[in-house]
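Have a look at coords05.tsv below; it lists TSV, C-alpha atoms.
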```
chain	number	residue	atom	x	y	z
A	298	MET	CA	111.54	-54.46	-8.10
A	299	LEU	CA	112.82	-52.19	-5.35
A	300	LEU	CA	111.92	-49.09	-7.41
A	301	GLU	CA	108.41	-50.34	-8.04
A	302	ASN	CA	107.94	-50.94	-4.33
A	303	LEU	CA	109.26	-47.50	-3.52
A	304	PHE	CA	106.98	-45.83	-6.11
A	305	GLY	CA	104.03	-47.76	-4.85
A	306	SER	CA	104.67	-46.60	-1.32
A	307	LYS	CA	104.85	-42.93	-2.43
A	308	GLY	CA	101.67	-43.28	-4.42
A	309	ARG	CA	99.87	-44.63	-1.46
A	310	LEU	CA	101.14	-41.81	0.71
A	311	ALA	CA	99.92	-39.23	-1.83
A	312	LEU	CA	96.47	-40.75	-1.95
A	313	SER	CA	96.28	-40.82	1.83
A	314	ALA	CA	97.26	-37.14	1.96
A	315	LEU	CA	94.51	-36.25	-0.52
A	316	LEU	CA	91.89	-38.10	1.53
A	317	VAL	CA	92.97	-36.31	4.71
A	318	CYS	CA	92.64	-32.92	2.96
A	319	ALA	CA	89.14	-33.79	1.75
A	320	VAL	CA	88.05	-34.72	5.27
A	321	ILE	CA	89.45	-31.44	6.66
A	322	LEU	CA	87.57	-29.40	4.02
A	323	GLU	CA	84.30	-31.23	4.75
A	324	LEU	CA	84.64	-30.52	8.46
A	325	ALA	CA	85.30	-26.86	7.77
A	326	TYR	CA	82.18	-26.61	5.58
A	327	CYS	CA	80.02	-28.26	8.22
A	328	GLN	CA	81.28	-25.90	10.88
A	329	GLY	CA	80.46	-22.93	8.66
A	330	GLU	CA	76.92	-24.17	8.14
A	331	ALA	CA	76.48	-24.68	11.88
A	332	GLN	CA	77.74	-21.15	12.54
A	333	GLN	CA	75.22	-19.78	9.97
A	334	GLN	CA	72.35	-21.61	11.69
A	335	LYS	CA	73.35	-19.98	14.99
A	336	ILE	CA	73.30	-16.54	13.41
A	337	ASN	CA	69.82	-17.08	11.75
A	338	PRO	CA	68.00	-19.68	13.86
A	339	GLY	CA	64.92	-21.35	12.32
A	340	ARG	CA	65.61	-20.07	8.82
A	341	LYS	CA	65.67	-22.71	6.15
A	342	PRO	CA	67.22	-22.48	2.76
A	343	LYS	CA	64.78	-21.42	0.06
A	344	PRO	CA	63.84	-24.23	-2.24
A	345	SER	CA	64.37	-23.79	-5.88
A	346	ILE	CA	61.14	-22.47	-7.52
A	347	THR	CA	60.43	-22.43	-11.17
A	348	LYS	CA	59.39	-18.92	-12.19
A	349	LEU	CA	56.00	-18.73	-13.93
A	350	GLY	CA	54.86	-16.41	-16.68
A	351	ARG	CA	52.80	-13.24	-16.25
A	352	SER	CA	49.49	-15.05	-16.73
A	353	THR	CA	50.24	-17.24	-13.70
A	354	ASN	CA	50.94	-14.18	-11.52
A	355	LYS	CA	47.52	-12.65	-12.45
A	356	SER	CA	45.50	-15.77	-11.59
A	357	PRO	CA	44.97	-14.94	-7.87
A	358	ARG	CA	43.36	-11.60	-8.75
A	359	ALA	CA	41.00	-13.33	-11.20
A	360	VAL	CA	39.83	-15.77	-8.51
A	361	THR	CA	39.16	-12.93	-6.06
A	362	ALA	CA	37.01	-11.10	-8.60
A	363	LYS	CA	34.82	-14.17	-9.14
A	364	GLN	CA	34.23	-14.52	-5.40
A	365	LYS	CA	33.00	-10.91	-5.19
A	366	ILE	CA	30.47	-11.50	-7.96
A	367	LYS	CA	29.09	-14.54	-6.14
A	368	THR	CA	28.65	-12.72	-2.83
A	369	THR	CA	26.83	-9.72	-4.34
A	370	PRO	CA	23.13	-10.52	-5.12
A	371	ALA	CA	22.05	-9.56	-8.60
A	372	ALA	CA	19.33	-6.93	-8.96
A	373	PRO	CA	15.90	-8.39	-9.90
A	374	ALA	CA	15.09	-8.20	-13.59
A	375	GLN	CA	12.50	-5.58	-14.51
A	376	THR	CA	9.14	-6.93	-15.63
A	377	PHE	CA	8.10	-5.85	-19.12
A	378	LEU	CA	5.71	-6.92	-21.87
A	379	THR	CA	6.53	-7.79	-25.44
A	380	GLN	CA	4.21	-8.60	-28.34
A	381	VAL	CA	5.07	-11.58	-30.50
A	382	LEU	CA	4.66	-10.68	-34.17
A	383	ASN	CA	4.76	-12.86	-37.27
A	384	ARG	CA	7.95	-14.73	-38.18
A	385	GLY	CA	9.28	-14.69	-34.62
A	386	GLN	CA	9.57	-10.92	-34.37
A	387	PHE	CA	9.18	-9.22	-31.00
A	388	LYS	CA	8.02	-5.72	-30.14
A	389	LYS	CA	8.07	-4.08	-26.73
A	390	VAL	CA	4.56	-2.81	-26.04
A	391	VAL	CA	3.72	0.71	-24.91
A	392	ASP	CA	0.56	2.18	-23.40
A	393	SER	CA	-1.76	0.71	-26.04
A	394	ILE	CA	-1.60	-1.43	-29.19
A	395	SER	CA	-4.00	-2.44	-31.96
A	396	VAL	CA	-4.52	-5.99	-33.23
A	397	GLN	CA	-6.89	-6.51	-36.14
A	398	SER	CA	-9.93	-8.57	-35.12
A	399	GLY	CA	-9.49	-12.16	-36.25
A	400	ASP	CA	-5.72	-12.09	-35.73
A	401	THR	CA	-3.91	-13.75	-32.81
A	402	LEU	CA	-2.69	-11.77	-29.82
A	403	GLU	CA	0.44	-13.17	-28.17
A	404	LEU	CA	2.05	-11.38	-25.23
A	405	ARG	CA	5.17	-12.34	-23.29
A	406	CYS	CA	5.85	-11.09	-19.79
A	407	ARG	CA	9.29	-11.50	-18.26
A	408	GLY	CA	9.43	-13.11	-14.83
A	409	LYS	CA	8.48	-16.21	-12.83
A	410	PRO	CA	5.96	-16.82	-11.39
A	411	LEU	CA	3.39	-14.51	-13.00
A	412	GLN	CA	-0.35	-13.92	-13.03
A	413	TRP	CA	-2.41	-12.36	-15.82
A	414	SER	CA	-5.47	-10.12	-15.76
A	415	VAL	CA	-7.74	-9.83	-18.81
A	416	PRO	CA	-10.92	-7.87	-19.72
A	417	LYS	CA	-14.05	-8.95	-17.87
A	418	TYR	CA	-15.61	-10.34	-21.04
A	419	LEU	CA	-12.79	-12.89	-21.36
A	420	GLU	CA	-12.92	-13.77	-17.65
A	421	GLU	CA	-16.56	-14.76	-17.97
A	422	ASP	CA	-16.38	-16.73	-21.22
A	423	ASP	CA	-13.32	-17.06	-23.45
A	424	GLU	CA	-14.73	-20.06	-25.41
A	425	GLY	CA	-11.37	-21.80	-25.17
A	426	ARG	CA	-9.64	-19.06	-27.16
A	427	LEU	CA	-7.44	-17.88	-24.29
A	428	SER	CA	-4.37	-19.69	-22.93
A	429	MET	CA	-1.75	-18.68	-20.37
A	430	VAL	CA	1.48	-20.69	-20.07
A	431	GLN	CA	4.41	-20.20	-17.67
A	432	GLN	CA	7.85	-20.83	-19.17
A	433	GLU	CA	11.20	-20.91	-17.39
A	434	ARG	CA	11.86	-17.16	-17.58
A	435	TYR	CA	8.62	-15.66	-18.87
A	436	GLY	CA	4.88	-16.13	-19.14
A	437	VAL	CA	2.94	-16.32	-22.41
A	438	LEU	CA	-0.65	-15.18	-23.01
A	439	THR	CA	-2.24	-16.23	-26.30
A	440	LEU	CA	-5.68	-15.18	-27.57
A	441	VAL	CA	-6.90	-16.61	-30.90
A	442	ASN	CA	-9.88	-15.74	-33.11
A	443	THR	CA	-10.04	-12.25	-31.60
A	444	THR	CA	-13.10	-10.00	-31.88
A	445	GLY	CA	-13.92	-6.39	-31.08
A	446	ALA	CA	-15.48	-7.57	-27.81
A	447	ASP	CA	-12.00	-8.53	-26.57
A	448	THR	CA	-10.96	-4.86	-26.46
A	449	GLY	CA	-9.68	-3.90	-23.03
A	450	GLU	CA	-6.75	-3.90	-20.62
A	451	PHE	CA	-4.35	-6.84	-20.28
A	452	SER	CA	-2.10	-6.89	-17.22
A	453	CYS	CA	0.84	-8.98	-16.00
A	454	TYR	CA	1.59	-9.22	-12.26
A	455	PRO	CA	4.86	-10.60	-10.82
A	456	MET	CA	4.21	-12.84	-7.82
A	457	TYR	CA	6.09	-12.64	-4.52
A	458	CYS	CA	6.20	-16.06	-2.85
A	459	GLU	CA	7.18	-17.25	0.61
A	460	ASP	CA	7.06	-21.05	0.63
A	461	THR	CA	3.59	-21.79	-0.80
A	462	ASP	CA	2.08	-18.37	0.00
A	463	CYS	CA	2.12	-16.08	-3.06
A	464	ARG	CA	0.68	-12.60	-3.64
A	465	LYS	CA	0.59	-10.13	-6.51
A	466	GLU	CA	3.11	-7.29	-6.57
A	467	TYR	CA	0.72	-4.59	-7.77
A	468	ASP	CA	3.37	-1.88	-7.83
A	469	LYS	CA	5.40	-3.88	-10.37
A	470	ALA	CA	2.49	-4.71	-12.70
A	471	VAL	CA	2.79	-3.94	-16.40
A	472	LYS	CA	-0.33	-3.16	-18.42
A	473	VAL	CA	-1.31	-2.62	-22.01
A	474	PHE	CA	-4.65	-1.61	-23.53
A	475	VAL	CA	-5.40	-3.65	-26.65
A	476	PHE	CA	-7.80	-2.44	-29.35
A	477	PHE	CA	-9.25	-5.01	-31.75
A	478	PRO	CA	-10.59	-2.88	-34.65
A	479	ASP	CA	-13.64	-4.50	-36.22
A	480	PRO	CA	-14.94	-3.19	-39.57
A	481	GLN	CA	-18.49	-4.07	-38.50
A	482	GLU	CA	-18.45	-3.00	-34.81
A	483	LEU	CA	-17.21	0.41	-33.72
A	484	PHE	CA	-18.35	-0.08	-30.09
A	485	VAL	CA	-17.51	-2.97	-27.80
A	486	PRO	CA	-20.76	-5.02	-27.91
A	487	SER	CA	-23.12	-4.92	-24.94
A	488	ALA	CA	-26.05	-7.19	-24.09
A	489	ASP	CA	-28.03	-4.29	-22.60
A	490	TYR	CA	-30.03	-1.82	-24.65
A	491	TYR	CA	-30.38	0.53	-21.65
A	492	GLU	CA	-28.00	0.96	-18.74
A	493	ALA	CA	-29.02	2.92	-15.62
A	494	ILE	CA	-26.26	5.03	-14.08
A	495	GLN	CA	-26.57	6.99	-10.84
A	496	LEU	CA	-25.21	10.54	-10.86
A	497	ARG	CA	-23.86	11.43	-7.42
A	498	THR	CA	-23.09	14.97	-6.38
A	499	ASN	CA	-19.35	15.71	-6.63
A	500	TRP	CA	-18.57	12.11	-7.65
A	501	PRO	CA	-17.15	11.61	-11.20
A	502	THR	CA	-19.47	9.45	-13.32
A	503	LEU	CA	-18.28	7.33	-16.26
A	504	LEU	CA	-20.29	6.60	-19.40
A	505	PRO	CA	-18.39	3.53	-20.67
A	506	CYS	CA	-19.00	3.80	-24.42
A	507	GLN	CA	-15.82	1.91	-25.36
A	508	VAL	CA	-14.73	1.87	-29.01
A	509	THR	CA	-12.84	-0.97	-30.71
A	510	SER	CA	-10.61	1.35	-32.75
A	511	PRO	CA	-8.56	4.30	-31.47
A	512	GLN	CA	-9.14	6.00	-34.84
A	513	ALA	CA	-12.91	6.31	-34.32
A	514	LYS	CA	-14.37	9.76	-33.68
A	515	VAL	CA	-16.80	9.70	-30.73
A	516	THR	CA	-19.41	12.30	-29.71
A	517	LEU	CA	-21.96	12.44	-26.86
A	518	HIS	CA	-25.67	13.05	-27.53
A	519	ARG	CA	-28.87	13.60	-25.55
A	520	GLU	CA	-31.95	11.67	-26.63
A	521	PHE	CA	-34.45	14.39	-25.69
A	522	PRO	CA	-34.14	17.05	-26.78
A	523	PRO	CA	-31.98	15.52	-29.55
A	524	VAL	CA	-28.79	17.58	-29.26
A	525	GLU	CA	-25.06	16.94	-29.09
A	526	VAL	CA	-23.62	17.44	-25.60
A	527	ALA	CA	-20.65	19.79	-25.40
A	528	VAL	CA	-17.41	18.13	-24.22
A	529	ASP	CA	-15.08	20.85	-22.92
A	530	GLY	CA	-12.51	18.64	-21.17
A	531	THR	CA	-13.32	20.19	-17.79
A	532	GLU	CA	-16.97	19.50	-16.97
A	533	ILE	CA	-17.08	16.51	-19.33
A	534	SER	CA	-14.03	14.79	-20.85
A	535	PHE	CA	-13.38	11.85	-23.18
A	536	ASN	CA	-10.78	9.07	-22.98
A	537	VAL	CA	-10.57	6.65	-25.92
A	538	LYS	CA	-9.81	3.77	-23.51
A	539	ARG	CA	-12.65	4.51	-21.07
A	540	GLY	CA	-15.39	6.71	-22.48
A	541	PHE	CA	-16.96	9.98	-21.28
A	542	THR	CA	-16.57	11.23	-17.70
A	543	ILE	CA	-18.86	13.77	-16.04
A	544	HIS	CA	-16.57	15.16	-13.36
A	545	ARG	CA	-19.05	17.09	-11.17
A	546	PRO	CA	-22.59	15.78	-11.83
A	547	ARG	CA	-25.47	18.23	-11.48
A	548	PRO	CA	-29.24	17.86	-11.94
A	549	HIS	CA	-29.12	19.16	-15.52
A	550	HIS	CA	-26.91	16.18	-16.51
A	551	ALA	CA	-29.74	13.71	-15.83
A	552	GLY	CA	-31.64	12.12	-18.70
A	553	ALA	CA	-31.06	9.65	-21.55
A	554	LEU	CA	-27.67	9.96	-23.26
A	555	PHE	CA	-25.81	7.88	-25.85
A	556	CYS	CA	-22.56	7.96	-27.82
A	557	VAL	CA	-22.05	8.09	-31.60
A	558	ALA	CA	-18.88	6.75	-33.25
A	559	SER	CA	-17.86	7.32	-36.86
A	560	LEU	CA	-14.97	5.90	-38.87
A	561	GLY	CA	-14.85	6.28	-42.63
A	562	ASN	CA	-18.33	5.63	-43.99
A	563	LEU	CA	-19.45	3.73	-40.86
A	564	ARG	CA	-21.51	5.46	-38.16
A	565	GLN	CA	-22.96	3.66	-35.12
A	566	SER	CA	-24.69	4.44	-31.82
A	567	SER	CA	-23.85	2.96	-28.42
A	568	THR	CA	-26.00	1.64	-25.60
A	569	LYS	CA	-28.31	4.26	-24.10
A	570	TYR	CA	-27.44	5.46	-20.61
A	571	MET	CA	-30.25	6.51	-18.26
A	572	LEU	CA	-28.64	9.04	-15.90
A	573	ILE	CA	-30.46	9.41	-12.58
A	574	TYR	CA	-29.36	12.31	-10.40
A	575	VAL	CA	-29.02	11.73	-6.66
A	576	ASN	CA	-27.91	14.57	-4.39
A	577	TYR	CA	-25.24	12.51	-2.73
A	578	PRO	CA	-23.66	13.84	0.49
A	579	MET	CA	-19.92	14.20	0.78
A	580	ALA	CA	-19.80	12.67	4.29
A	581	PRO	CA	-22.00	10.96	6.91
A	582	PRO	CA	-24.11	13.31	9.06
A	583	ALA	CA	-22.79	14.85	12.29
A	584	PRO	CA	-25.87	15.13	14.56
A	585	VAL	CA	-26.10	17.30	17.66
A	586	ILE	CA	-28.56	16.35	20.43
A	587	GLN	CA	-29.97	18.66	23.06
A	588	ALA	CA	-32.66	18.18	25.72
A	589	SER	CA	-34.85	21.01	26.96
A	590	SER	CA	-33.55	20.16	30.42
A	591	SER	CA	-31.30	17.48	31.88
A	592	SER	CA	-33.56	17.32	34.96
A	593	VAL	CA	-37.35	17.35	34.53
A	594	THR	CA	-40.01	17.35	37.19
A	595	ALA	CA	-42.59	14.61	36.89
A	596	GLY	CA	-45.69	15.83	35.08
A	597	GLU	CA	-43.85	18.41	32.97
A	598	ASN	CA	-43.20	18.17	29.21
A	599	LEU	CA	-39.82	17.24	27.68
A	600	ARG	CA	-38.36	18.15	24.29
A	601	VAL	CA	-35.23	16.46	22.91
A	602	SER	CA	-33.95	17.82	19.60
A	603	CYS	CA	-31.48	16.23	17.16
A	604	SER	CA	-30.15	18.45	14.34
A	605	VAL	CA	-27.82	18.02	11.34
A	606	VAL	CA	-26.34	20.73	9.13
A	607	GLY	CA	-25.39	19.55	5.62
A	608	GLU	CA	-25.67	20.05	1.86
A	609	GLN	CA	-28.90	21.40	0.47
A	610	ASP	CA	-31.48	18.86	-0.76
A	611	VAL	CA	-29.65	15.97	0.94
A	612	ALA	CA	-32.15	13.79	2.79
A	613	VAL	CA	-31.38	12.87	6.41
A	614	GLU	CA	-33.34	10.15	8.20
A	615	PHE	CA	-33.68	10.18	12.01
A	616	THR	CA	-34.46	7.27	14.35
A	617	TRP	CA	-34.86	7.35	18.16
A	618	ASP	CA	-34.23	5.08	21.11
A	619	TYR	CA	-35.81	6.29	24.38
A	620	PRO	CA	-36.65	4.88	27.86
A	621	GLY	CA	-40.43	4.86	27.32
A	622	GLN	CA	-40.06	2.16	24.60
A	623	GLN	CA	-39.84	-0.47	27.34
A	624	ILE	CA	-43.51	0.04	28.29
A	625	GLY	CA	-44.75	0.82	24.77
A	626	ARG	CA	-44.93	4.59	25.17
A	627	PRO	CA	-45.70	6.00	21.69
A	628	LEU	CA	-43.17	8.15	19.82
A	629	TYR	CA	-44.07	11.72	18.88
A	630	THR	CA	-41.62	13.64	16.70
A	631	GLN	CA	-41.52	16.78	14.58
A	632	ASP	CA	-39.27	17.01	11.50
A	633	ILE	CA	-38.08	20.45	10.44
A	634	ILE	CA	-35.89	21.52	7.47
A	635	SER	CA	-34.65	25.09	7.26
A	636	PRO	CA	-31.99	26.87	5.16
A	637	VAL	CA	-28.71	27.97	6.70
A	638	GLY	CA	-27.22	31.32	5.81
A	639	GLY	CA	-23.79	31.56	4.20
A	640	GLY	CA	-22.08	31.35	0.86
A	641	ALA	CA	-22.63	27.64	0.20
A	642	ALA	CA	-26.14	26.21	-0.19
A	643	ARG	CA	-26.71	24.38	3.09
A	644	GLN	CA	-29.66	23.34	5.22
A	645	GLN	CA	-30.46	22.18	8.74
A	646	SER	CA	-32.46	18.98	9.22
A	647	GLN	CA	-33.96	18.53	12.67
A	648	SER	CA	-36.04	15.94	14.51
A	649	VAL	CA	-37.69	16.84	17.83
A	650	LEU	CA	-38.88	14.13	20.24
A	651	LEU	CA	-41.85	15.23	22.39
A	652	VAL	CA	-42.63	13.62	25.74
A	653	ASP	CA	-45.83	14.88	27.45
A	654	GLU	CA	-46.29	14.68	31.22
A	655	VAL	CA	-43.01	13.00	32.08
A	656	ARG	CA	-43.13	10.02	34.43
A	657	ASP	CA	-40.51	7.94	36.21
A	658	VAL	CA	-40.29	5.55	33.24
A	659	ASP	CA	-39.12	8.44	31.05
A	660	GLN	CA	-35.87	8.78	32.98
A	661	GLY	CA	-32.75	7.49	31.19
A	662	THR	CA	-30.81	7.84	27.96
A	663	TYR	CA	-32.26	9.29	24.75
A	664	THR	CA	-30.35	8.29	21.58
A	665	CYS	CA	-30.77	9.86	18.14
A	666	THR	CA	-29.35	8.22	14.98
A	667	ALA	CA	-28.99	10.39	11.84
A	668	GLN	CA	-28.42	8.63	8.51
A	669	ASN	CA	-27.78	9.71	4.92
A	670	LEU	CA	-26.46	7.92	1.82
A	671	GLN	CA	-22.91	8.10	3.15
A	672	GLY	CA	-23.53	6.52	6.55
A	673	ALA	CA	-25.01	6.97	10.01
A	674	LYS	CA	-23.98	8.39	13.37
A	675	SER	CA	-25.62	8.31	16.83
A	676	VAL	CA	-25.58	10.76	19.75
A	677	SER	CA	-27.11	10.46	23.23
A	678	SER	CA	-28.31	12.58	26.14
A	679	THR	CA	-29.39	11.54	29.67
A	680	VAL	CA	-32.48	12.96	31.34
A	681	LYS	CA	-33.32	12.69	35.06
A	682	VAL	CA	-36.91	12.76	36.31
A	683	VAL	CA	-37.40	14.51	39.66
A	684	PRO	CA	-40.48	13.64	41.79
A	685	LYS	CA	-43.10	16.33	42.01
A	686	ALA	CA	-42.89	18.26	45.26
A	687	LYS	CA	-45.73	17.64	47.68
A	688	PRO	CA	-47.85	20.70	48.49
A	689	LYS	CA	-47.35	22.09	51.96
A	690	LYS	CA	-50.24	21.68	54.38
A	691	GLN	CA	-51.83	24.89	55.50
A	692	LYS	CA	-51.88	25.58	59.22
A	693	PRO	CA	-55.35	25.72	60.77
```
Could you quickly redo this structure as structure tokens?
Amino acid sequence: MLLENLFGSKGRLALSALLVCAVILELAYCQGEAQQQKINPGRKPKPSITKLGRSTNKSPRAVTAKQKIKTTPAAPAQTFLTQVLNRGQFKKVVDSISVQSGDTLELRCRGKPLQWSVPKYLEEDDEGRLSMVQQERYGVLTLVNTTGADTGEFSCYPMYCEDTDCRKEYDKAVKVFVFFPDPQELFVPSADYYEAIQLRTNWPTLLPCQVTSPQAKVTLHREFPPVEVAVDGTEISFNVKRGFTIHRPRPHHAGALFCVASLGNLRQSSTKYMLIYVNYPMAPPAPVIQASSSSVTAGENLRVSCSVVGEQDVAVEFTWDYPGQQIGRPLYTQDIISPVGGGAARQQSQSVLLVDEVRDVDQGTYTCTAQNLQGAKSVSSTVKVVPKAKPKKQKP
């Protein structure tokens, strides 16, 4: 019993000693931590982080790349035309295409919104054969039951819109010339048997004998005398999409002309063109006015001339405004045309206003207006009327 009590007392002492040691070690650890905080104030222990794989490390760069794409505006898509063929086939169109008459023409133009332009014949009366539909990303033009008369230029215009105000972007338009070959019609039909065309000096003149097939051979002919007109590409040229152009019309080009087209065994004549030559000026007249005197004594005569130098055989018309009109004083003029020396063929046209026995009512501004087919221009001059000096009395 005594031994058990003694052993129990020693055991309790040993346990107490162990507890004391544990307390001392805990205090020492706490002091060390406090000392570390003093050395590195504000620094906290790093939390334990689970390391991620390589794909996780790359994710921030991927997000940054997406943000750059969003902030950079994409370049506008280029407008272009495609032709829809059979069985859902598409073909990008070039300068011109051919569609057999009777077949369907279907064109697609990329962009939104769009506006189409078609040959004048279809604008006036398409008989319900033409439709234009705007889809989400493109516009569609469809023409059914086509004929040779539909031959012409088809255009697609992107539209620039601000709110509800839209306008065509002409510089971004795409165009295609479409031929509709017709085995019975080599020329685009016309309702007129004769067509009068004015030939203007130095202004290119078009004879629009338009064919329905680019394979047709076209020549130009004069009705009287019946001869073929030479087409040298310089004075006269031919374009299969337009017709014949006379680049610098002259009097010898006037008369009745027509075109002849041939393809295989078929040969046809076009509308007849009555060419009327007009010596057309290159610019409005530039008149010069001059009075015989800026100061005229009452009772004397006055001459005011207005002259224009221009191309030969170009008519100039003169009109006058003068002070005597207010009292109904009649107008007397002389018109003179005379050649002007020099290399080019030029002439002077002149109008002279005559005022006999000038009176006070003739004082004021004289205005001459010269007009030709290009326009009109006016010039003025002021004339002063001086009273007639009284004769001196003779001394007795």
(request) Rank nothing, just name the residue among A:Arg656, A:Arg564, A:Lys388, A:Lys681 nearest to A:Glu597, using only C-alpha atoms. (result)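 Residue with the minimum atom-to-atom distance to A:Glu597: A:Arg656.
Remark: for A:Ser414, the closest of the candidate residues A:Ser452, A:Thr568, A:Thr509, A:Gln397 is A:Ser452 (distances computed over only C-alpha atoms).
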(message) Please report the interatomic distance between atom CA of A:Val391 and atom CA of A:Thr516 in Å with one decimal.
(response) 26.3 Å
(message) Using all atoms listed in the file, can you tell me which of A:Ser604, A:Asn576, A:Thr439, A:Thr616 comes closest to A:Leu382?
(response) A:Thr439
(message) Which residues are close to A:Asp392, i.e. within 10 Å by all atoms listed in the file, leaving aside same-chain residues fewer than 2 positions away? Reply as JSON, numbers by chain.
(response) {"A": [390, 394, 450, 471, 472, 473, 474, 475]}
(request) Would you mind listing what lies within 10 Å of A:Ser567 as a PyMOL selection string, with all atoms listed in the file counted and same-chain residues fewer than 2 positions away left out? (result) chain A and resi 483-487+490-491+505-508+517+554-558+565+569-570
(message) I want to know what sits within 8 Å of A:Gly596, based on all atoms listed in the file, with residues of the same chain fewer than 4 positions away left out; could you give that as number ranges by chain?
(response) A: 653-656, 685
Just C-alpha atoms for this one: save the residues we selected as an mmCIF file, in the coordinates of the input.
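See selection_6.cif below for the written result:
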```cif
data_model
loop_
_atom_site.group_PDB
_atom_site.id
_atom_site.type_symbol
_atom_site.label_atom_id
_atom_site.label_comp_id
_atom_site.auth_asym_id
_atom_site.auth_seq_id
_atom_site.Cartn_x
_atom_site.Cartn_y
_atom_site.Cartn_z
ATOM 1 C CA ASP A 653 -45.830 14.880 27.450
ATOM 2 C CA GLU A 654 -46.290 14.680 31.220
ATOM 3 C CA VAL A 655 -43.010 13.000 32.080
ATOM 4 C CA ARG A 656 -43.130 10.020 34.430
ATOM 5 C CA LYS A 685 -43.100 16.330 42.010
#
```
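Going from atom CA of A:Asn442 to atom CA of A:Arg405 covers 18.3 Å.
Atom pair atom CA of A:Thr498 / atom CA of A:Ile633: separated by 23.2 Å.
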(request) Name all residues at most 10 Å from A:Pro581 (count all atoms listed in the file; drop same-chain ones fewer than 4 positions away) and give them as a PyMOL selection string. (result) chain A and resi 607+613+667-674
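Closest approach to A:Leu402 among A:Glu520, A:Asp447, A:Glu482, A:Asp462 is made by A:Asp447 (distances from all atoms listed in the file).
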(request) Go through A:Ala612, A:Leu419, A:Leu563, A:Met571 one by one, measure the shortest atom-to-atom distance of each to A:Glu492 using all atoms listed in the file, and give the residue with the smallest value. (result)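 Closest residue, counting all atoms listed in the file: A:Met571.
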(request) Give the answer as one residue: which of A:Ser677, A:Thr542, A:Ser566, A:Ser646 has the shortest atom-to-atom distance to A:Gln587, using all atoms listed in the file? (result) A:Ser677
(request) Do a neighbour search on A:Phe387 at 12 Å with all atoms listed in the file, toss out local chain neighbours closer than 6 positions, and write the hits as a list in words. (result)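 With the cut-off at 12 Å, the set is Leu378, Thr379, Gln380, Val381, Glu403, Leu404, Arg405 and Cys406 of chain A.
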(request) Give as an MDAnalysis selection string the set of residues within 8 Å of the point (-26.4, 11.0, 21.3), where distances use the file's coordinates and all atoms listed in the file. (result) chainID A and resid 584:586 663:666 675:678
File of the preceding selection, C-alpha atoms, as a PDB file, keeping the file's coordinate frame:
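The file below, out.pdb, is the result:
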```pdb
ATOM      1  CA  PRO A 584     -25.870  15.130  14.560  1.00  0.00           C
ATOM      2  CA  VAL A 585     -26.100  17.300  17.660  1.00  0.00           C
ATOM      3  CA  ILE A 586     -28.560  16.350  20.430  1.00  0.00           C
ATOM      4  CA  TYR A 663     -32.260   9.290  24.750  1.00  0.00           C
ATOM      5  CA  THR A 664     -30.350   8.290  21.580  1.00  0.00           C
ATOM      6  CA  CYS A 665     -30.770   9.860  18.140  1.00  0.00           C
ATOM      7  CA  THR A 666     -29.350   8.220  14.980  1.00  0.00           C
ATOM      8  CA  SER A 675     -25.620   8.310  16.830  1.00  0.00           C
ATOM      9  CA  VAL A 676     -25.580  10.760  19.750  1.00  0.00           C
ATOM     10  CA  SER A 677     -27.110  10.460  23.230  1.00  0.00           C
ATOM     11  CA  SER A 678     -28.310  12.580  26.140  1.00  0.00           C
TER      12      SER A 678
END
```
